[in-house]
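J.: Structure below; questions to follow.
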Amino acid sequence: MESTLRRTWSEIDLDALLYNYKKLREYIGKDVKFLGVVKADAYGHGSVMVSKVLEQAGADYLAVSSMDEAMELRVNGIRMPILILGHTPKNQVERLIEFHITQAVTCMAKAKEYAEEARRLNKVLKIHIKVDTGMSRLGYLCDGDFFDNGVQNIVEAINLKGLDTEGIFTHFAVADEEGEEARAYTMHQFELFKQVIGEVEKRMGHPFKLRHCANTGAVAKYKETYLDMVRPGLLLYGYGEYAKELGLKPVMSLKTSVSTIKIYPENTAISYGGIYKTKKTTRIAVLPYGYADGFFRSLSNRYQLLTPDGVAPVRGKICMDMCMIDVTDMPDVQVGSEVEIFGKENPIETMADMAGTIPYELTCAVSKRVPRTYMKDGKVLEKELLLRM
Ligand SMILES: *Cc1c(COP(=O)(O)O)cnc(C)c1O
């Protein structure tokens with residue numbers, strides 16, 4: 001569907017995405033494979049379109065979090081390898097195999113049920129073994145006293161008939177944190193991961209095809225962790241300190257337009273709760289952008305949006321569908337004027353800091369009623385609206 005409005009929209013710069021991919025490819029070197037993380041609708045950028053760009057550009061693998069996300073890509077013609085990072089129920093094994101989707105195996109119980117189901121179908125499921133080296137989320141626990149048992153269980157899973165183990169991976173907990181402690185923790189995770197791989201490979205008698213662990217922080221800072229494949233998400237979309245250091249470009253710009261302008265006398269309360277009162281005669285613009293579009297209400301009276309006349313502060317509480325900005329002495333701001341919420345000129349990092357969160361959460365929070373405009377070669381390639389019509 002295409003939106004009929006020019007209310008609030010996101011612009012997805014596919015040239016920037018391709019640029020980031022190429023730049024990262026160059027940075028990691030030609031011997032390392034590239035897995036693009038496109039879970040959560042590619043961090044809110046549109047996983048089908050992002051995956052198409054990556055597929056055409058020659059990326060090696062994609063990762064999503066669930067079966068539904070993997071199927072969205074397959075149904076839309078993406079043919080490259082896809083890894084599901086999260087859990088998939090046993091009753092989906094047939095579809096995993098049918099649609100050539102690789103499943104992460106995170107513990108013995110799941111290895112057994114996947115293998116059983118694959119054997120029942122007389123087929124083989126492709127898997128990657130997930131090792132928990134310190135993230136304490138999914139994966140075979142292998143640290144300290146758990147080492148021998150962890151390795152033993154991984155080897156057992158690999159030897160189950162019905163499973164074809166292509167890879168092994170782990171996930172870093174603090175690779176994107178600064179400081180010696182974070183470095184030491186990450187290095188401990190990495191060394192443990194290598195020990196597990198060494199021991200498992202010895203026992204199974206051949207090497208893994210794909211060993212991977214480097215997320216955004218590790219891609220930027222720890223070259224030694226690349227192994228066979230890197231697995232960045234955020235860097236690809238061009239946000240955060242590391243993206244800046246590597247010269248990457250932000251892919252999403254979130255924009256809105258002025259719907260109404262009014263002038264109020266001094267001491268007028270603006271919006272719910274009246275937390276802001278005008279200090280003088282004040283020109284206020286209403287924007288059709290509220291918390292139902294993904295604007296964090298905690299930014300009420302705090303954030304500032306970028307108008308054609310410079311930054312304009314948000315006044316009063318952010319509403320569900322609207323917010324108000326102060327455009328006093330900004331004569332260029334008129335009804336219909338375009339306003340950048342975050343993007344190339346108004347960096348998302350500022351908004352994330354003010355909201356006490358990370359850019360990931362902000363791009364994921366852009367809601368489905370906000371249509372996307374995909375830009376390529378500086379022109380509109382396609383428009384997309386996710387509402388049921
Ligand atoms: C989300 C995720 C990534 C990507 O993380 P970034 O910080 O965006 O690079 C990599 N691996 C796993 C297992 C993930 O869940």
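Naming scheme: A, B, ... for chains in displayed order of the structure tokens; residues 1 onward per chain; ligands 1 onward as shown.
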Within 10 Å of ligand 1, counting only C-alpha atoms and all ligand atoms: which residues, as a PyMOL selection string?
T.: chain A and resi 35-40+42-43+63-65+83-86+104+130+135+137-138+169-176+212-220+230-237+239+359-360
J.: I need the residues from that last selection saved to file as a compact mmCIF listing (two decimals), in the first residue's frame (with N, CA and C atoms), if you can.
T.:
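Output file selection_32.txt follows:
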```txt
# COMPACT_ATOMS: atom_id res chain seq x y z
N LEU A 35 27.50 -11.27 7.24
CA LEU A 35 26.10 -11.55 7.56
C LEU A 35 25.47 -10.22 7.98
N GLY A 36 24.41 -9.85 7.31
CA GLY A 36 23.69 -8.62 7.67
C GLY A 36 22.54 -8.96 8.60
N VAL A 37 22.49 -8.31 9.75
CA VAL A 37 21.40 -8.57 10.70
C VAL A 37 20.19 -7.71 10.31
N VAL A 38 19.11 -8.37 9.93
CA VAL A 38 17.91 -7.67 9.46
C VAL A 38 16.68 -8.02 10.31
N LYS A 39 16.93 -8.44 11.55
CA LYS A 39 15.82 -8.74 12.46
C LYS A 39 15.02 -7.47 12.74
N ALA A 40 13.83 -7.66 13.33
CA ALA A 40 12.97 -6.52 13.69
C ALA A 40 12.78 -5.59 12.50
N ALA A 42 14.57 -5.17 9.90
CA ALA A 42 15.84 -4.45 9.65
C ALA A 42 15.90 -3.19 10.52
N TYR A 43 15.71 -3.40 11.82
CA TYR A 43 15.79 -2.31 12.80
C TYR A 43 14.85 -1.16 12.39
N ALA A 63 20.45 -12.50 8.98
CA ALA A 63 19.95 -13.07 10.22
C ALA A 63 18.68 -12.34 10.64
N VAL A 64 17.71 -13.12 11.12
CA VAL A 64 16.45 -12.58 11.65
C VAL A 64 16.23 -13.22 13.02
N SER A 65 15.15 -12.81 13.68
CA SER A 65 14.97 -13.35 15.02
C SER A 65 13.95 -14.48 15.07
N LEU A 83 19.70 -17.06 8.64
CA LEU A 83 19.85 -17.71 9.95
C LEU A 83 18.82 -17.14 10.91
N ILE A 84 18.07 -18.01 11.59
CA ILE A 84 17.18 -17.56 12.66
C ILE A 84 17.94 -17.62 13.98
N LEU A 85 18.07 -16.47 14.62
CA LEU A 85 18.87 -16.36 15.85
C LEU A 85 18.10 -16.85 17.08
N GLY A 86 16.78 -16.71 17.05
CA GLY A 86 15.97 -17.05 18.21
C GLY A 86 15.41 -18.46 18.12
N ALA A 104 19.40 -21.59 14.54
CA ALA A 104 20.34 -21.63 15.66
C ALA A 104 19.90 -22.73 16.63
N LYS A 130 24.88 -22.36 18.91
CA LYS A 130 25.06 -21.10 19.65
C LYS A 130 25.72 -21.40 21.00
N MET A 135 27.13 -13.85 27.54
CA MET A 135 25.99 -12.98 27.32
C MET A 135 24.85 -13.39 28.28
N ARG A 137 22.29 -15.44 27.78
CA ARG A 137 20.98 -15.41 27.14
C ARG A 137 20.80 -16.79 26.53
N LEU A 138 20.86 -16.93 25.22
CA LEU A 138 20.74 -18.26 24.62
C LEU A 138 22.11 -18.90 24.45
N PHE A 169 28.45 -20.08 16.65
CA PHE A 169 28.57 -18.65 16.93
C PHE A 169 28.34 -18.34 18.40
N THR A 170 28.78 -17.15 18.78
CA THR A 170 28.51 -16.64 20.12
C THR A 170 28.21 -15.15 20.00
N HIS A 171 27.73 -14.56 21.09
CA HIS A 171 27.34 -13.15 21.03
C HIS A 171 28.01 -12.38 22.17
N PHE A 172 28.60 -11.23 21.84
CA PHE A 172 29.30 -10.41 22.85
C PHE A 172 28.32 -9.53 23.62
N ALA A 173 28.58 -9.42 24.92
CA ALA A 173 27.69 -8.63 25.77
C ALA A 173 28.11 -7.16 25.87
N VAL A 174 29.42 -6.89 25.82
CA VAL A 174 29.89 -5.52 26.06
C VAL A 174 30.91 -5.04 25.03
N ALA A 175 30.84 -5.61 23.82
CA ALA A 175 31.82 -5.22 22.79
C ALA A 175 31.70 -3.74 22.43
N ASP A 176 30.53 -3.16 22.67
CA ASP A 176 30.34 -1.75 22.30
C ASP A 176 30.49 -0.80 23.50
N HIS A 212 31.42 -17.49 13.78
CA HIS A 212 31.17 -16.05 13.78
C HIS A 212 30.76 -15.51 15.14
N CYS A 213 31.16 -14.29 15.42
CA CYS A 213 30.82 -13.66 16.69
C CYS A 213 30.81 -12.13 16.66
N ALA A 214 31.40 -11.51 15.63
CA ALA A 214 31.59 -10.05 15.68
C ALA A 214 30.32 -9.27 15.36
N ASN A 215 29.75 -8.64 16.38
CA ASN A 215 28.64 -7.70 16.19
C ASN A 215 29.25 -6.31 15.94
N THR A 216 28.42 -5.28 15.97
CA THR A 216 28.88 -3.94 15.63
C THR A 216 30.13 -3.50 16.41
N GLY A 217 30.09 -3.62 17.73
CA GLY A 217 31.22 -3.18 18.54
C GLY A 217 32.50 -3.92 18.17
N ALA A 218 32.37 -5.23 17.96
CA ALA A 218 33.55 -6.04 17.65
C ALA A 218 34.05 -5.78 16.23
N VAL A 219 33.15 -5.56 15.30
CA VAL A 219 33.58 -5.24 13.94
C VAL A 219 34.41 -3.95 13.96
N ALA A 220 33.96 -2.99 14.75
CA ALA A 220 34.65 -1.70 14.80
C ALA A 220 35.97 -1.79 15.56
N VAL A 230 31.47 -11.88 9.85
CA VAL A 230 31.06 -10.88 10.84
C VAL A 230 29.54 -10.72 10.78
N ARG A 231 29.00 -10.12 11.83
CA ARG A 231 27.54 -10.14 12.01
C ARG A 231 27.00 -8.81 12.51
N PRO A 232 27.28 -7.72 11.80
CA PRO A 232 26.85 -6.41 12.29
C PRO A 232 25.40 -6.08 11.93
N GLY A 233 24.77 -5.30 12.80
CA GLY A 233 23.46 -4.74 12.49
C GLY A 233 23.59 -3.23 12.43
N LEU A 234 23.72 -2.63 13.58
CA LEU A 234 23.70 -1.17 13.69
C LEU A 234 24.65 -0.45 12.73
N LEU A 235 25.85 -0.99 12.56
CA LEU A 235 26.83 -0.33 11.68
C LEU A 235 26.29 -0.19 10.26
N LEU A 236 25.61 -1.23 9.83
CA LEU A 236 25.05 -1.26 8.48
C LEU A 236 24.09 -0.09 8.28
N TYR A 237 23.37 0.24 9.35
CA TYR A 237 22.38 1.32 9.24
C TYR A 237 22.98 2.69 9.53
N TYR A 239 24.52 4.17 12.43
CA TYR A 239 24.32 4.97 13.64
C TYR A 239 25.39 4.66 14.69
N PRO A 359 20.14 4.27 19.67
CA PRO A 359 19.51 4.45 18.37
C PRO A 359 18.66 3.26 17.94
N TYR A 360 19.10 2.04 18.27
CA TYR A 360 18.33 0.83 17.92
C TYR A 360 16.86 0.99 18.29
```
J.: Using only C-alpha atoms, which residues sit within 10 Å of Val380 of chain A once same-chain residues fewer than 5 positions away are excluded, as a list in words?
T.: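 That gives Glu11, Ile12, Asp13, Thr373, Tyr374 and Met375 of chain A.
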J.: Next, the residues of the selection above should be written as a PDB file, in the first residue's frame with C-alpha atoms.
T.:
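The resulting file, out21.pdb, is shown below:
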```pdb
ATOM      1  CA  GLU A  11      13.030   8.101   4.219  1.00  0.00           C
ATOM      2  CA  ILE A  12      15.241   5.063   3.765  1.00  0.00           C
ATOM      3  CA  ASP A  13      18.364   6.003   1.842  1.00  0.00           C
ATOM      4  CA  THR A 373       9.858   6.169   1.209  1.00  0.00           C
ATOM      5  CA  TYR A 374      12.772   4.215  -0.206  1.00  0.00           C
ATOM      6  CA  MET A 375      15.257   6.494  -1.966  1.00  0.00           C
TER       7      MET A 375
END
```
J.: A:Ser367, A:Thr350, A:Gln92, A:Thr165: which is nearest Asp68 of chain A, counting only C-alpha atoms?
T.: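 Among the listed residues, the smallest separation from Asp68 of chain A belongs to A:Gln92.
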J.: Excluding Lys126 of chain A and any residue of its chain fewer than 4 positions from it, enumerate the residues within 12 Å of it, using only C-alpha atoms, and give them as a VMD selection string.
T.: chain A and resid 81 to 84 93 to 94 96 to 105 111 114 to 115 118 158 160 to 168
J.: Keeping only N, CA, C and O atoms, write those residues as a compact mmCIF listing (two decimals), in the first residue's frame.
T.:
```txt
# COMPACT_ATOMS: atom_id res chain seq x y z
N PRO A 81 21.10 -17.27 1.98
CA PRO A 81 20.98 -17.97 3.27
C PRO A 81 20.47 -17.05 4.38
O PRO A 81 20.86 -15.89 4.46
N ILE A 82 19.58 -17.61 5.21
CA ILE A 82 19.02 -16.87 6.35
C ILE A 82 19.21 -17.71 7.61
O ILE A 82 18.88 -18.90 7.62
N LEU A 83 19.70 -17.06 8.64
CA LEU A 83 19.85 -17.71 9.95
C LEU A 83 18.82 -17.14 10.91
O LEU A 83 18.71 -15.92 11.04
N ILE A 84 18.07 -18.01 11.59
CA ILE A 84 17.18 -17.56 12.66
C ILE A 84 17.94 -17.62 13.98
O ILE A 84 18.41 -18.68 14.40
N VAL A 93 9.91 -27.28 11.85
CA VAL A 93 11.12 -27.84 11.23
C VAL A 93 10.90 -28.13 9.74
O VAL A 93 11.78 -27.88 8.91
N GLU A 94 9.72 -28.62 9.41
CA GLU A 94 9.45 -28.93 8.00
C GLU A 94 9.55 -27.68 7.13
O GLU A 94 10.14 -27.71 6.05
N LEU A 96 11.22 -24.92 7.92
CA LEU A 96 12.63 -24.48 7.92
C LEU A 96 13.38 -25.17 6.78
O LEU A 96 14.11 -24.54 6.02
N ILE A 97 13.18 -26.49 6.69
CA ILE A 97 13.90 -27.26 5.67
C ILE A 97 13.40 -26.89 4.27
O ILE A 97 14.19 -26.62 3.37
N GLU A 98 12.07 -26.83 4.13
CA GLU A 98 11.49 -26.53 2.82
C GLU A 98 11.99 -25.19 2.27
O GLU A 98 12.25 -25.05 1.08
N PHE A 99 12.11 -24.21 3.17
CA PHE A 99 12.47 -22.87 2.70
C PHE A 99 13.97 -22.55 2.90
O PHE A 99 14.37 -21.40 2.80
N HIS A 100 14.73 -23.60 3.13
CA HIS A 100 16.20 -23.43 3.25
C HIS A 100 16.58 -22.36 4.25
O HIS A 100 17.33 -21.43 3.95
N ILE A 101 16.04 -22.50 5.44
CA ILE A 101 16.34 -21.55 6.50
C ILE A 101 17.20 -22.27 7.55
O ILE A 101 16.91 -23.40 7.92
N THR A 102 18.27 -21.60 7.97
CA THR A 102 19.19 -22.17 8.95
C THR A 102 18.71 -21.80 10.35
O THR A 102 18.32 -20.66 10.59
N GLN A 103 18.75 -22.76 11.26
CA GLN A 103 18.26 -22.52 12.61
C GLN A 103 19.40 -22.55 13.63
O GLN A 103 20.25 -23.43 13.58
N ALA A 104 19.40 -21.59 14.54
CA ALA A 104 20.34 -21.63 15.66
C ALA A 104 19.90 -22.73 16.63
O ALA A 104 18.71 -22.86 16.91
N VAL A 105 20.85 -23.50 17.12
CA VAL A 105 20.55 -24.52 18.13
C VAL A 105 21.27 -24.12 19.40
O VAL A 105 22.47 -23.92 19.42
N ALA A 111 18.22 -29.36 20.26
CA ALA A 111 18.94 -30.18 19.28
C ALA A 111 18.20 -31.49 19.08
O ALA A 111 17.97 -31.93 17.95
N TYR A 114 14.69 -31.00 17.30
CA TYR A 114 14.86 -30.68 15.87
C TYR A 114 15.31 -31.93 15.09
O TYR A 114 14.81 -32.21 14.00
N ALA A 115 16.27 -32.66 15.66
CA ALA A 115 16.82 -33.84 14.98
C ALA A 115 15.73 -34.90 14.81
O ALA A 115 15.58 -35.49 13.73
N ALA A 118 13.37 -33.82 12.08
CA ALA A 118 13.99 -33.94 10.76
C ALA A 118 14.06 -35.40 10.32
O ALA A 118 13.79 -35.73 9.17
N ILE A 158 25.87 -32.22 17.37
CA ILE A 158 26.40 -32.26 16.00
C ILE A 158 26.30 -33.67 15.41
O ILE A 158 26.07 -33.84 14.22
N LEU A 160 24.00 -35.82 15.99
CA LEU A 160 22.63 -36.32 15.84
C LEU A 160 22.29 -36.42 14.36
O LEU A 160 22.53 -35.49 13.58
N LYS A 161 21.71 -37.54 13.98
CA LYS A 161 21.26 -37.70 12.61
C LYS A 161 20.06 -36.77 12.40
O LYS A 161 19.21 -36.67 13.26
N GLY A 162 20.02 -36.12 11.25
CA GLY A 162 18.93 -35.19 10.99
C GLY A 162 19.39 -33.74 11.06
O GLY A 162 18.71 -32.85 10.59
N LEU A 163 20.56 -33.51 11.67
CA LEU A 163 21.10 -32.15 11.75
C LEU A 163 22.38 -32.03 10.93
O LEU A 163 23.23 -32.92 10.96
N ASP A 164 22.48 -30.94 10.18
CA ASP A 164 23.70 -30.66 9.43
C ASP A 164 24.29 -29.36 9.99
O ASP A 164 23.73 -28.28 9.79
N THR A 165 25.38 -29.48 10.73
CA THR A 165 25.97 -28.31 11.40
C THR A 165 26.88 -27.55 10.44
O THR A 165 27.94 -28.03 10.06
N GLU A 166 26.43 -26.37 10.09
CA GLU A 166 27.24 -25.53 9.18
C GLU A 166 28.13 -24.57 9.95
O GLU A 166 29.22 -24.23 9.50
N GLY A 167 27.64 -24.11 11.11
CA GLY A 167 28.39 -23.06 11.79
C GLY A 167 28.27 -23.11 13.30
O GLY A 167 27.51 -23.89 13.87
N ILE A 168 29.04 -22.24 13.91
CA ILE A 168 29.01 -22.08 15.36
C ILE A 168 29.19 -20.59 15.66
O ILE A 168 29.95 -19.91 14.97
```
J.: Between atom CA of Gly356 of chain A and atom CA of Ser298 of chain A, what is the distance in Å, rounded to a tenth?
T.: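 Taking atom CA of Gly356 of chain A and atom CA of Ser298 of chain A, their separation equals 9.1 Å.
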J.: Would you compute the distance between atom CA of Phe190 of chain A and atom CA of Lys221 of chain A? Give it in Å to one decimal.
T.: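 So the answer is 13.1 Å.
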J.: When you draw a straight line from atom CA of Ser337 of chain A to atom CA of Leu254 of chain A, how long is it in Å?
T.: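 Spanning atom CA of Ser337 of chain A to atom CA of Leu254 of chain A is a straight-line distance of 14.1 Å.
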J.: Taking 5 positions as the minimum chain separation for residues in the same chain, which residues sit within 9 Å of Ile358 of chain A when counting only C-alpha atoms? Answer as an mmCIF file with N, CA, C and O atoms, in the first residue's frame.
T.:
```cif
data_model
loop_
_atom_site.group_PDB
_atom_site.id
_atom_site.type_symbol
_atom_site.label_atom_id
_atom_site.label_comp_id
_atom_site.auth_asym_id
_atom_site.auth_seq_id
_atom_site.Cartn_x
_atom_site.Cartn_y
_atom_site.Cartn_z
ATOM 1 N N GLY A 240 25.538 5.568 15.611
ATOM 2 C CA GLY A 240 26.435 5.359 16.745
ATOM 3 C C GLY A 240 27.843 5.870 16.472
ATOM 4 O O GLY A 240 28.188 6.259 15.359
ATOM 5 N N ILE A 348 20.365 11.132 15.174
ATOM 6 C CA ILE A 348 19.552 10.273 16.028
ATOM 7 C C ILE A 348 20.222 10.051 17.380
ATOM 8 O O ILE A 348 19.553 9.823 18.386
ATOM 9 N N GLU A 349 21.556 10.145 17.415
ATOM 10 C CA GLU A 349 22.289 9.920 18.658
ATOM 11 C C GLU A 349 21.881 10.935 19.731
ATOM 12 O O GLU A 349 21.806 10.599 20.915
ATOM 13 N N MET A 351 18.918 12.381 20.022
ATOM 14 C CA MET A 351 17.590 11.987 20.496
ATOM 15 C C MET A 351 17.701 10.780 21.426
ATOM 16 O O MET A 351 17.047 10.720 22.474
ATOM 17 N N ALA A 352 18.562 9.831 21.061
ATOM 18 C CA ALA A 352 18.744 8.635 21.879
ATOM 19 C C ALA A 352 19.298 9.017 23.257
ATOM 20 O O ALA A 352 18.796 8.558 24.283
ATOM 21 N N ASP A 353 20.306 9.871 23.274
ATOM 22 C CA ASP A 353 20.881 10.315 24.554
ATOM 23 C C ASP A 353 19.821 10.972 25.424
ATOM 24 O O ASP A 353 19.698 10.686 26.613
#
```
J.: Which neighbours of segment 381-386 of chain A fall inside 12 Å, counting only C-alpha atoms, when residues of the same chain fewer than 5 positions from it are skipped, and could you give them as an mmCIF file with N, CA, C and O atoms, in the first residue's frame?
T.:
```
data_model
loop_
_atom_site.group_PDB
_atom_site.id
_atom_site.type_symbol
_atom_site.label_atom_id
_atom_site.label_comp_id
_atom_site.auth_asym_id
_atom_site.auth_seq_id
_atom_site.Cartn_x
_atom_site.Cartn_y
_atom_site.Cartn_z
ATOM 1 N N MET A 1 0.835 -1.204 0.000
ATOM 2 C CA MET A 1 0.000 0.000 0.000
ATOM 3 C C MET A 1 0.867 1.249 0.000
ATOM 4 O O MET A 1 1.969 1.252 0.503
ATOM 5 N N GLU A 2 0.288 2.291 -0.530
ATOM 6 C CA GLU A 2 0.985 3.572 -0.520
ATOM 7 C C GLU A 2 0.141 4.574 0.271
ATOM 8 O O GLU A 2 -1.077 4.580 0.172
ATOM 9 N N SER A 3 0.805 5.415 1.054
ATOM 10 C CA SER A 3 0.075 6.410 1.834
ATOM 11 C C SER A 3 -0.376 7.550 0.933
ATOM 12 O O SER A 3 0.296 7.922 -0.010
ATOM 13 N N THR A 4 -1.544 8.102 1.265
ATOM 14 C CA THR A 4 -2.045 9.237 0.493
ATOM 15 C C THR A 4 -1.629 10.547 1.150
ATOM 16 O O THR A 4 -1.917 11.626 0.641
ATOM 17 N N LEU A 5 -0.989 10.443 2.302
ATOM 18 C CA LEU A 5 -0.684 11.643 3.083
ATOM 19 C C LEU A 5 0.786 12.003 3.028
ATOM 20 O O LEU A 5 1.636 11.207 2.678
ATOM 21 N N ARG A 6 1.056 13.217 3.436
ATOM 22 C CA ARG A 6 2.422 13.618 3.688
ATOM 23 C C ARG A 6 2.436 14.090 5.143
ATOM 24 O O ARG A 6 2.621 15.241 5.443
ATOM 25 N N THR A 8 3.675 12.089 8.585
ATOM 26 C CA THR A 8 5.015 11.793 9.100
ATOM 27 C C THR A 8 5.489 10.582 8.319
ATOM 28 O O THR A 8 4.721 9.650 8.098
ATOM 29 N N TRP A 9 6.721 10.604 7.857
ATOM 30 C CA TRP A 9 7.214 9.494 7.040
ATOM 31 C C TRP A 9 8.700 9.266 7.306
ATOM 32 O O TRP A 9 9.387 10.153 7.804
ATOM 33 N N SER A 10 9.157 8.064 6.966
ATOM 34 C CA SER A 10 10.593 7.815 7.080
ATOM 35 C C SER A 10 11.172 7.664 5.684
ATOM 36 O O SER A 10 10.549 7.059 4.803
ATOM 37 N N GLU A 11 12.324 8.256 5.487
ATOM 38 C CA GLU A 11 13.030 8.101 4.219
ATOM 39 C C GLU A 11 14.186 7.139 4.435
ATOM 40 O O GLU A 11 15.010 7.343 5.317
ATOM 41 N N ILE A 12 14.194 6.074 3.639
ATOM 42 C CA ILE A 12 15.241 5.063 3.765
ATOM 43 C C ILE A 12 16.187 5.244 2.577
ATOM 44 O O ILE A 12 15.807 5.003 1.429
ATOM 45 N N ASP A 13 17.383 5.683 2.878
ATOM 46 C CA ASP A 13 18.364 6.003 1.842
ATOM 47 C C ASP A 13 19.144 4.733 1.469
ATOM 48 O O ASP A 13 20.111 4.362 2.123
ATOM 49 N N LEU A 14 18.678 4.089 0.397
ATOM 50 C CA LEU A 14 19.299 2.813 0.002
ATOM 51 C C LEU A 14 20.709 3.014 -0.534
ATOM 52 O O LEU A 14 21.532 2.093 -0.499
ATOM 53 N N ASP A 15 20.996 4.211 -1.028
ATOM 54 C CA ASP A 15 22.372 4.507 -1.457
ATOM 55 C C ASP A 15 23.304 4.512 -0.253
ATOM 56 O O ASP A 15 24.423 4.009 -0.323
ATOM 57 N N ASP A 41 12.423 -6.201 11.339
ATOM 58 C CA ASP A 41 12.185 -5.418 10.120
ATOM 59 C C ASP A 41 13.400 -4.549 9.789
ATOM 60 O O ASP A 41 13.256 -3.371 9.436
ATOM 61 N N GLY A 44 13.715 -1.543 11.804
ATOM 62 C CA GLY A 44 12.735 -0.533 11.415
ATOM 63 C C GLY A 44 12.960 0.085 10.039
ATOM 64 O O GLY A 44 12.246 1.016 9.664
ATOM 65 N N HIS A 45 13.925 -0.447 9.273
ATOM 66 C CA HIS A 45 14.230 0.140 7.960
ATOM 67 C C HIS A 45 13.529 -0.587 6.813
ATOM 68 O O HIS A 45 13.611 -0.148 5.666
ATOM 69 N N GLY A 46 12.862 -1.699 7.118
ATOM 70 C CA GLY A 46 12.201 -2.481 6.070
ATOM 71 C C GLY A 46 13.091 -3.638 5.641
ATOM 72 O O GLY A 46 13.985 -3.465 4.824
ATOM 73 N N VAL A 48 12.648 -6.370 3.855
ATOM 74 C CA VAL A 48 12.638 -6.897 2.484
ATOM 75 C C VAL A 48 13.531 -6.039 1.591
ATOM 76 O O VAL A 48 14.409 -6.556 0.882
ATOM 77 N N MET A 49 13.339 -4.741 1.654
ATOM 78 C CA MET A 49 14.129 -3.853 0.798
ATOM 79 C C MET A 49 15.605 -3.879 1.183
ATOM 80 O O MET A 49 16.482 -3.954 0.312
ATOM 81 N N VAL A 366 9.655 3.347 15.339
ATOM 82 C CA VAL A 366 8.846 4.019 14.304
ATOM 83 C C VAL A 366 7.696 3.079 13.959
ATOM 84 O O VAL A 366 7.919 1.942 13.551
ATOM 85 N N SER A 367 6.464 3.530 14.131
ATOM 86 C CA SER A 367 5.346 2.583 14.095
ATOM 87 C C SER A 367 4.838 2.352 12.680
ATOM 88 O O SER A 367 5.224 3.036 11.739
ATOM 89 N N LYS A 368 3.933 1.377 12.574
ATOM 90 C CA LYS A 368 3.567 0.933 11.235
ATOM 91 C C LYS A 368 2.686 1.932 10.491
ATOM 92 O O LYS A 368 2.531 1.824 9.293
ATOM 93 N N ARG A 369 2.144 2.915 11.185
ATOM 94 C CA ARG A 369 1.350 3.898 10.439
ATOM 95 C C ARG A 369 2.238 4.965 9.786
ATOM 96 O O ARG A 369 1.754 5.811 9.051
ATOM 97 N N VAL A 370 3.522 4.908 10.078
ATOM 98 C CA VAL A 370 4.462 5.826 9.426
ATOM 99 C C VAL A 370 4.937 5.186 8.118
ATOM 100 O O VAL A 370 5.631 4.165 8.144
ATOM 101 N N PRO A 371 4.531 5.750 6.978
ATOM 102 C CA PRO A 371 4.937 5.132 5.712
ATOM 103 C C PRO A 371 6.422 5.341 5.444
ATOM 104 O O PRO A 371 7.037 6.258 5.975
ATOM 105 N N ARG A 372 6.958 4.442 4.627
ATOM 106 C CA ARG A 372 8.379 4.562 4.268
ATOM 107 C C ARG A 372 8.505 5.013 2.822
ATOM 108 O O ARG A 372 7.733 4.588 1.962
ATOM 109 N N THR A 373 9.490 5.829 2.573
ATOM 110 C CA THR A 373 9.858 6.169 1.209
ATOM 111 C C THR A 373 11.279 5.675 0.988
ATOM 112 O O THR A 373 12.202 6.127 1.674
ATOM 113 N N TYR A 374 11.433 4.731 0.083
ATOM 114 C CA TYR A 374 12.772 4.215 -0.206
ATOM 115 C C TYR A 374 13.400 5.077 -1.302
ATOM 116 O O TYR A 374 12.798 5.262 -2.369
ATOM 117 N N MET A 375 14.581 5.613 -1.014
ATOM 118 C CA MET A 375 15.257 6.494 -1.966
ATOM 119 C C MET A 375 16.447 5.765 -2.590
ATOM 120 O O MET A 375 17.216 5.105 -1.893
ATOM 121 N N LYS A 376 16.560 5.904 -3.912
ATOM 122 C CA LYS A 376 17.718 5.325 -4.603
ATOM 123 C C LYS A 376 18.160 6.305 -5.680
ATOM 124 O O LYS A 376 17.311 6.891 -6.367
#
```
J.: Taking only C-alpha atoms into account, which of A:Gln189, A:Thr106, A:Thr256, A:Asn122 comes nearest Gly150 of chain A?
T.: A:Thr106
J.: I'd like the neighbourhood of Asn267 of chain A as a count of residues only, where a residue qualifies if any of its atoms comes within 10 Å (using only C-alpha atoms), though same-chain residues fewer than 4 positions away should be ignored.
T.: 7
J.: Would you pick out the contacts of Thr133 of chain A at 7 Å or less, using only C-alpha atoms, so that residues sharing its chain but fewer than 3 positions from it are not included, and give the list as a list in words?
T.: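 Skipping anything fewer than 3 positions along the chain leaves Leu141, Cys142, Asp143, Thr170, Gln189, Leu192 and Phe193 of chain A.
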J.: Which one of A:Leu73, A:Ala157, A:Val131, A:Met389 sits closest to Val196 of chain A if you count only C-alpha atoms?
T.: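 Of all the options, A:Val131 lies closest to Val196 of chain A.
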J.: Considering only C-alpha atoms, can you say which of A:Tyr21, A:Tyr303, A:Tyr264, A:Tyr27 comes closest to Ser51 of chain A?
T.: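 So, comparing all the options, the nearest one is A:Tyr21.
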J.: Select from segment 249-349 of chain A everything DSSP, run on the backbone, classes as strand (DSSP E or B), then give the selection as number ranges by chain.
T.: A: 252-257, 260-264, 269-270, 276-277, 282-287, 304-307, 310-314, 323-326, 338-342
J.: Please extract the residues of segment 233-274 of chain A with a backbone DSSP assignment of alpha helix (DSSP H) and present them as a list in words.
T.: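 Checking each residue of segment 233-274 of chain A, the alpha helix (DSSP H) ones are Leu234, Leu235, Leu236, Tyr237, Gly240, Glu241, Tyr242, Ala243, Lys244 and Glu245 of chain A.
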J.: May I ask which of the residues A:Gly290, A:Pro308, A:Gly336, A:Gly77 is the closest one to Asp321 of chain A, counting only C-alpha atoms?
T.: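 Among A:Gly290, A:Pro308, A:Gly336, A:Gly77, it is A:Gly290 that comes nearest to Asp321 of chain A.
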